[in-house]
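Following: one structure in structure tokens, then a few remarks.
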Amino acid sequence: MLRFLLFGTLIGSTFALGLWAYKINYDSRAADQRVKELEKSILSANKHFKILNAEWAHLNRPDRLRKLTEYYFSELRLTPINPDDFISFSDIYRGQSSENESTALVDKRLTGITHEE
Amino acid sequence: MKSSNKVKLFTEHPRTRSRLILFSLMVLAGFSLISGKIAFLASKENKKNISYTEREEIYSRLNISDRNGNILATSLEGASAYIRPDEIQKKSLIAQRLKGIFPDLNEAVLLNKLNDGRKFFWLKSIVSPRQEKALFDLGQPGIYFGKREYRFYPYGTLASHVIGYTKVNEFDVNYAEISGISGVERAFENKLAIKNSSKVKNNSIHLSLDLPVQAEVENVLKEWQKRMGAKAGGVVIMNIHNGEIVALASSPDFNANKERGVLGKDRDSSIYFNRVVQGVYEMGSTFKIFSVAQGLEKDLFTLDSLIDTRAFRINSRKIEDKYKFNSESSIYEIIVRSSNVGSARLALMVGEKGLKEIFSKLGLLEPVRLELREANTTRPILPKNWHDITLATVSYGYGMSVSLLHLAKAYAILGNGGFDIEPTILKKNHNSQSGSRVLKKTTSDEILKLLESVVTDQRGTARILGSKYYRIGGKTGTAEKISLNKRGYQKDKVIANFVGIFPLRDPKFVIAAFLDEPENNFLQQPCRYASCTVVPMIRKLIERTGPLMNVIPRHGATKF
């Protein structure tokens, strides 16, 4: 009786272990496959990323931007940065309203209109 | 009992026993062979899995970017096209259609290739995506595509001489190996050609260049080269303390995206020549400051010392000035008005040893140790002997040729308080001086004073540089070019250059520029001197790039 029980458990556990090993094997293969797929998609995403970066850089060529600022000057009024564009803190706090000389000058530079005081 | 006896008899038989042992050994050997093979296969398969990405990106070069991460060069995947003629039936029709897609192909040659029985030939080493689609749409068997990595420079000609270019070393239907042959592409070949870039986190080499500054410099240089009718020109802006090159432009330049023609055949090869780094020229008066520096260093004179400035002869060669000077002039005046006679006298006072000492301290006797190979192979052309006449002419920049980069480096040492620097094209993380002191602080201070007076003095050769925004100091130089077919110099062809340091309150940058054969025809008389050709360009350059490099204009000097 005892011997029968022992053999029974042994056979049962062998089957269970076999199943478990099979499952692990199967899962690991699936995981491996998934890793491969992910690596592949990461790779292709990286490639896209690289192309987009290159394209973005190409679109931001200084000569192209220069032409665009000229084209859209009436709306954007972008001018090359100039030493005049720097003002000191003391100038900012000099006044608050339109009487402020600095803001008036900046206004004039950007709009070409002199405010009458 | 009987049965056990039988078993005993069986096993005790000596021959049976040895056979059993032999049998079990054979079984063991068989099993170990199988398990060994399993282990081998398993390990091999494992390795194969890991190297998946490696195989994919094995020939991927790193990006090159500027100091703020703007991509200057990158690698993209393209396609090449090849043909197996025996799979094509209507050969003349296909040749005609291919000609339609690639107008630069020769139809007769193509047809010949299709018909002469070869199994395989390359149609194009790289095709654009549009051409690839057109080829694909032909639906013609026998046309195949291969993977091809190619180098893309998004900004075209920008900083082309610094970045350099590449060539395809080795290729097959599914890969191409690229290697650099000039500029940064060559200098950092080992770093750029790193395998498996997807696993390298920082997959870019950061240069010290600043894209907006570089673009502005190239823009201004090209404009002034045109305006002055110059053949060529160059500009370099360098951080005076750590030697970072912020902008380096050489004109004419090239677009590395375009396929290069055979050198010297269908296109001018000189566009690949980096005039700032590789071009050595006699620089003229910009050399005058060096003998003054050595004199100050050795306490031979002060800036107020009076020097004889009457024309004189050395071995029957007359040394004279173009402008009239008093019989005696101060060193201050010699530099400000640029006197050759005075400079020659100073050089004779300093002597051969002294002049060589200052040249060696400022790095003018050997190639500049920049990372670029072009710089390392560019030796200054030194005089064969150092007789008195040589000392005199070298002191005002004749008889010795250096590159613009040499000049920039020498002035940087003079202007940064006397510390040795090594120019670099790579971004540095600190702004501190690492070089050892080679000149006294007082010498540097006096030189800066002298350079400023060239700009501020009413008679100074660079007086039009007097900017209301920045305090600038510098020295002009104009050297006649050596005549190629006869002895002597050409009066009407000059190299005009200028080296300046700004802002003078706290020197940050050294800027050096030259124009090859400039002529300013916008004045009453044509003028070739640096004071009317390069100096106006420098003014424009500083006003444009100063704000971009965060150089704050002097306080209270603006309109505000």
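If you're wondering about the labels, chains in the structure tokens are A, B, ... by order shown, residues count from 1 in each chain, ligands from 1 in order shown.
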Q: Could the residues of chain A within 8 Å of chain B, counting only C-alpha atoms, be given as a VMD selection string, please?
A: chain A and resid 36 39 to 40 43 46 to 47 50 to 51 53 to 55 57 to 58 61 to 62 80 to 84 86 to 88 91 101 to 102 105
Q | stretch 199-358 of chain B: residues DSSP assigns to strand (DSSP E), reported as a ChimeraX atom specification | A | /B:204-206,232-239,245-251,280-282,306-308,312-314,317-319,328-330
**Q.** Residues near stretch 387-403 of chain B, cut-off 6 Å, only C-alpha atoms, skip fewer than 2 positions along chain, as JSON, numbers by chain
**A.** {"B": [277, 279, 280, 281, 282, 283, 284, 285, 287, 288, 314, 344, 347, 380, 381, 382, 383, 385, 405, 406]}
May I have the residues from that selection written out with N, CA, C and O atoms, as a short mmCIF file (atom, residue, chain, number, x, y, z; two decimals), in the first residue's frame?
data_model
loop_
_atom_site.label_atom_id
_atom_site.label_comp_id
_atom_site.auth_asym_id
_atom_site.auth_seq_id
_atom_site.Cartn_x
_atom_site.Cartn_y
_atom_site.Cartn_z
N VAL B 277 43.23 76.69 -41.16
CA VAL B 277 44.07 75.72 -40.48
C VAL B 277 45.26 75.29 -41.34
O VAL B 277 46.38 75.16 -40.86
N GLY B 279 46.20 76.73 -44.48
CA GLY B 279 46.85 77.76 -45.29
C GLY B 279 47.89 78.52 -44.49
O GLY B 279 47.55 79.12 -43.48
N VAL B 280 49.14 78.50 -44.93
CA VAL B 280 50.15 79.32 -44.25
C VAL B 280 50.49 80.50 -45.16
O VAL B 280 50.68 80.35 -46.36
N TYR B 281 50.51 81.68 -44.55
CA TYR B 281 50.74 82.91 -45.30
C TYR B 281 51.73 83.78 -44.53
O TYR B 281 51.86 83.67 -43.31
N GLU B 282 52.40 84.66 -45.25
CA GLU B 282 53.16 85.72 -44.59
C GLU B 282 52.11 86.71 -44.11
O GLU B 282 51.24 87.12 -44.87
N MET B 283 52.15 87.05 -42.83
CA MET B 283 51.03 87.77 -42.25
C MET B 283 51.21 89.28 -42.17
O MET B 283 50.28 90.00 -41.88
N GLY B 284 52.43 89.78 -42.35
CA GLY B 284 52.61 91.22 -42.30
C GLY B 284 52.61 91.74 -40.87
O GLY B 284 53.03 91.06 -39.93
N SER B 285 52.05 92.95 -40.72
CA SER B 285 52.24 93.72 -39.48
C SER B 285 51.67 93.07 -38.21
O SER B 285 51.97 93.53 -37.11
N PHE B 287 52.60 90.61 -36.98
CA PHE B 287 53.76 90.05 -36.29
C PHE B 287 54.49 91.08 -35.42
O PHE B 287 55.30 90.71 -34.58
N LYS B 288 54.21 92.36 -35.65
CA LYS B 288 54.99 93.41 -34.97
C LYS B 288 54.87 93.32 -33.46
O LYS B 288 55.79 93.67 -32.72
N ILE B 314 70.23 97.31 -44.06
CA ILE B 314 70.94 96.14 -43.56
C ILE B 314 71.42 95.38 -44.79
O ILE B 314 70.59 94.97 -45.62
N ALA B 344 61.61 96.78 -37.09
CA ALA B 344 62.90 96.16 -37.39
C ALA B 344 63.92 96.50 -36.31
O ALA B 344 64.68 95.64 -35.85
N ALA B 347 63.28 94.44 -33.27
CA ALA B 347 63.69 93.05 -33.46
C ALA B 347 65.19 92.93 -33.27
O ALA B 347 65.68 91.97 -32.66
N PRO B 380 54.59 75.71 -39.79
CA PRO B 380 54.89 77.06 -40.25
C PRO B 380 56.14 77.01 -41.14
O PRO B 380 56.98 76.13 -40.97
N ILE B 381 56.22 77.91 -42.10
CA ILE B 381 57.43 77.96 -42.94
C ILE B 381 58.38 78.97 -42.30
O ILE B 381 58.08 80.17 -42.22
N LEU B 382 59.51 78.48 -41.79
CA LEU B 382 60.44 79.33 -41.04
C LEU B 382 61.60 79.74 -41.93
O LEU B 382 61.92 79.05 -42.90
N PRO B 383 62.24 80.86 -41.61
CA PRO B 383 63.41 81.27 -42.39
C PRO B 383 64.54 80.25 -42.24
O PRO B 383 64.66 79.59 -41.20
N ASN B 385 67.81 80.90 -42.27
CA ASN B 385 68.80 81.43 -41.31
C ASN B 385 68.20 82.64 -40.61
O ASN B 385 67.17 83.16 -41.03
N LEU B 405 45.28 80.22 -37.64
CA LEU B 405 45.08 79.60 -36.33
C LEU B 405 46.28 79.84 -35.42
O LEU B 405 46.14 80.08 -34.22
N HIS B 406 47.48 79.79 -36.01
CA HIS B 406 48.69 80.12 -35.25
C HIS B 406 48.59 81.52 -34.66
O HIS B 406 48.87 81.74 -33.48
#
Q.
With only C-alpha atoms as the counted atoms, please give the residues lying no more than 10 Å from stretch 95-97 of chain B, apart from itself and same-chain residues fewer than 3 positions off, as a PyMOL selection string.
A. chain B and resi 90-92+100-103+105-114+134-135+138
Q: Extract the full set of alpha helix (DSSP H) residues from stretch 10-220 of chain B according to DSSP on the backbone, and format it as number ranges by chain.
A: B: 10-12, 14-50, 52-56, 91-101, 107-115, 129-137, 160-163, 183-187, 189-192, 211-220
**Q.** Proximity to B:Lys258 - best of B:Arg310, B:Lys222, B:Arg227, B:Arg151, only C-alpha atoms
**A.**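 Between B:Arg310, B:Lys222, B:Arg227, B:Arg151, the residue approaching B:Lys258 most closely is B:Arg151.
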Q. What lies within 6 Å of B:Pro503 using only C-alpha atoms, ignoring chain neighbours under 4 positions off, as an MDAnalysis selection string?
A. chainID B and resid 470:472 507
Q: Write out as a ChimeraX atom specification the residues lying within 9 Å of B:Thr377, counting only C-alpha atoms and excluding same-chain residues fewer than 4 positions away.
A: /B:278,367-368,373
Q: Tell me which protein, DNA and RNA residues are within 12 Å of B:Glu320, counting only C-alpha atoms, leaving out same-chain ones fewer than 3 positions away, and put them as an MDAnalysis selection string.
A: chainID B and resid 308:314 317 323:325 338:345 392:393 396
N, CA, C and O atoms of the current selection, written as a PDB file, in the first residue's frame:
ATOM      1  N   ASP B 308      64.535 104.967 -32.867  1.00  0.00           N
ATOM      2  CA  ASP B 308      64.898 105.625 -34.123  1.00  0.00           C
ATOM      3  C   ASP B 308      64.034 105.072 -35.254  1.00  0.00           C
ATOM      4  O   ASP B 308      64.045 103.873 -35.510  1.00  0.00           O
ATOM      5  N   THR B 309      63.268 105.918 -35.941  1.00  0.00           N
ATOM      6  CA  THR B 309      62.429 105.409 -37.031  1.00  0.00           C
ATOM      7  C   THR B 309      62.821 106.009 -38.374  1.00  0.00           C
ATOM      8  O   THR B 309      61.984 106.185 -39.252  1.00  0.00           O
ATOM      9  N   ARG B 310      64.107 106.331 -38.532  1.00  0.00           N
ATOM     10  CA  ARG B 310      64.556 106.768 -39.859  1.00  0.00           C
ATOM     11  C   ARG B 310      64.914 105.526 -40.674  1.00  0.00           C
ATOM     12  O   ARG B 310      65.404 104.543 -40.128  1.00  0.00           O
ATOM     13  N   ALA B 311      64.636 105.624 -41.965  1.00  0.00           N
ATOM     14  CA  ALA B 311      64.940 104.474 -42.843  1.00  0.00           C
ATOM     15  C   ALA B 311      66.414 104.108 -42.717  1.00  0.00           C
ATOM     16  O   ALA B 311      67.262 104.987 -42.552  1.00  0.00           O
ATOM     17  N   PHE B 312      66.737 102.824 -42.743  1.00  0.00           N
ATOM     18  CA  PHE B 312      68.146 102.402 -42.649  1.00  0.00           C
ATOM     19  C   PHE B 312      68.371 101.157 -43.501  1.00  0.00           C
ATOM     20  O   PHE B 312      67.423 100.569 -44.040  1.00  0.00           O
ATOM     21  N   ARG B 313      69.648 100.785 -43.657  1.00  0.00           N
ATOM     22  CA  ARG B 313      69.991  99.668 -44.529  1.00  0.00           C
ATOM     23  C   ARG B 313      70.601  98.533 -43.730  1.00  0.00           C
ATOM     24  O   ARG B 313      71.361  98.745 -42.796  1.00  0.00           O
ATOM     25  N   ILE B 314      70.234  97.313 -44.060  1.00  0.00           N
ATOM     26  CA  ILE B 314      70.938  96.136 -43.560  1.00  0.00           C
ATOM     27  C   ILE B 314      71.424  95.382 -44.788  1.00  0.00           C
ATOM     28  O   ILE B 314      70.593  94.966 -45.616  1.00  0.00           O
ATOM     29  N   ARG B 317      69.977  96.122 -48.104  1.00  0.00           N
ATOM     30  CA  ARG B 317      68.502  96.122 -48.200  1.00  0.00           C
ATOM     31  C   ARG B 317      67.976  97.305 -47.402  1.00  0.00           C
ATOM     32  O   ARG B 317      68.338  97.481 -46.252  1.00  0.00           O
ATOM     33  N   TYR B 323      54.469 105.492 -44.688  1.00  0.00           N
ATOM     34  CA  TYR B 323      54.048 106.795 -44.181  1.00  0.00           C
ATOM     35  C   TYR B 323      55.260 107.487 -43.572  1.00  0.00           C
ATOM     36  O   TYR B 323      56.263 106.862 -43.270  1.00  0.00           O
ATOM     37  N   LYS B 324      55.115 108.796 -43.353  1.00  0.00           N
ATOM     38  CA  LYS B 324      56.235 109.534 -42.771  1.00  0.00           C
ATOM     39  C   LYS B 324      56.175 109.442 -41.251  1.00  0.00           C
ATOM     40  O   LYS B 324      55.141 109.651 -40.638  1.00  0.00           O
ATOM     41  N   PHE B 325      57.297 109.083 -40.662  1.00  0.00           N
ATOM     42  CA  PHE B 325      57.407 109.063 -39.205  1.00  0.00           C
ATOM     43  C   PHE B 325      58.452 110.089 -38.787  1.00  0.00           C
ATOM     44  O   PHE B 325      59.331 110.451 -39.574  1.00  0.00           O
ATOM     45  N   SER B 338      51.845 101.438 -37.205  1.00  0.00           N
ATOM     46  CA  SER B 338      52.438 100.304 -37.912  1.00  0.00           C
ATOM     47  C   SER B 338      53.688 100.697 -38.715  1.00  0.00           C
ATOM     48  O   SER B 338      53.650 100.773 -39.936  1.00  0.00           O
ATOM     49  N   SER B 339      54.785 100.918 -37.985  1.00  0.00           N
ATOM     50  CA  SER B 339      56.042 101.289 -38.642  1.00  0.00           C
ATOM     51  C   SER B 339      56.948 100.078 -38.826  1.00  0.00           C
ATOM     52  O   SER B 339      57.302  99.394 -37.870  1.00  0.00           O
ATOM     53  N   ASN B 340      57.328  99.829 -40.073  1.00  0.00           N
ATOM     54  CA  ASN B 340      58.244  98.714 -40.347  1.00  0.00           C
ATOM     55  C   ASN B 340      59.634  98.991 -39.798  1.00  0.00           C
ATOM     56  O   ASN B 340      60.279  98.111 -39.231  1.00  0.00           O
ATOM     57  N   VAL B 341      60.101 100.240 -39.972  1.00  0.00           N
ATOM     58  CA  VAL B 341      61.438 100.600 -39.509  1.00  0.00           C
ATOM     59  C   VAL B 341      61.541 100.396 -37.994  1.00  0.00           C
ATOM     60  O   VAL B 341      62.470  99.742 -37.496  1.00  0.00           O
ATOM     61  N   GLY B 342      60.554 100.935 -37.286  1.00  0.00           N
ATOM     62  CA  GLY B 342      60.568 100.820 -35.830  1.00  0.00           C
ATOM     63  C   GLY B 342      60.557  99.365 -35.400  1.00  0.00           C
ATOM     64  O   GLY B 342      61.309  98.955 -34.508  1.00  0.00           O
ATOM     65  N   SER B 343      59.728  98.574 -36.069  1.00  0.00           N
ATOM     66  CA  SER B 343      59.621  97.166 -35.723  1.00  0.00           C
ATOM     67  C   SER B 343      60.943  96.447 -35.975  1.00  0.00           C
ATOM     68  O   SER B 343      61.387  95.621 -35.166  1.00  0.00           O
ATOM     69  N   ALA B 344      61.610  96.775 -37.088  1.00  0.00           N
ATOM     70  CA  ALA B 344      62.898  96.158 -37.394  1.00  0.00           C
ATOM     71  C   ALA B 344      63.921  96.498 -36.313  1.00  0.00           C
ATOM     72  O   ALA B 344      64.680  95.642 -35.848  1.00  0.00           O
ATOM     73  N   ARG B 345      63.926  97.762 -35.879  1.00  0.00           N
ATOM     74  CA  ARG B 345      64.841  98.188 -34.818  1.00  0.00           C
ATOM     75  C   ARG B 345      64.587  97.391 -33.529  1.00  0.00           C
ATOM     76  O   ARG B 345      65.524  96.948 -32.870  1.00  0.00           O
ATOM     77  N   ALA B 392      64.830  91.463 -39.063  1.00  0.00           N
ATOM     78  CA  ALA B 392      64.102  92.695 -39.360  1.00  0.00           C
ATOM     79  C   ALA B 392      62.819  92.399 -40.125  1.00  0.00           C
ATOM     80  O   ALA B 392      61.739  92.855 -39.741  1.00  0.00           O
ATOM     81  N   THR B 393      62.914  91.584 -41.183  1.00  0.00           N
ATOM     82  CA  THR B 393      61.712  91.348 -41.995  1.00  0.00           C
ATOM     83  C   THR B 393      60.701  90.475 -41.250  1.00  0.00           C
ATOM     84  O   THR B 393      59.507  90.724 -41.322  1.00  0.00           O
ATOM     85  N   TYR B 396      58.251  92.271 -39.021  1.00  0.00           N
ATOM     86  CA  TYR B 396      57.020  92.825 -39.583  1.00  0.00           C
ATOM     87  C   TYR B 396      56.342  91.866 -40.552  1.00  0.00           C
ATOM     88  O   TYR B 396      55.623  92.250 -41.465  1.00  0.00           O
TER      89      TYR B 396
END
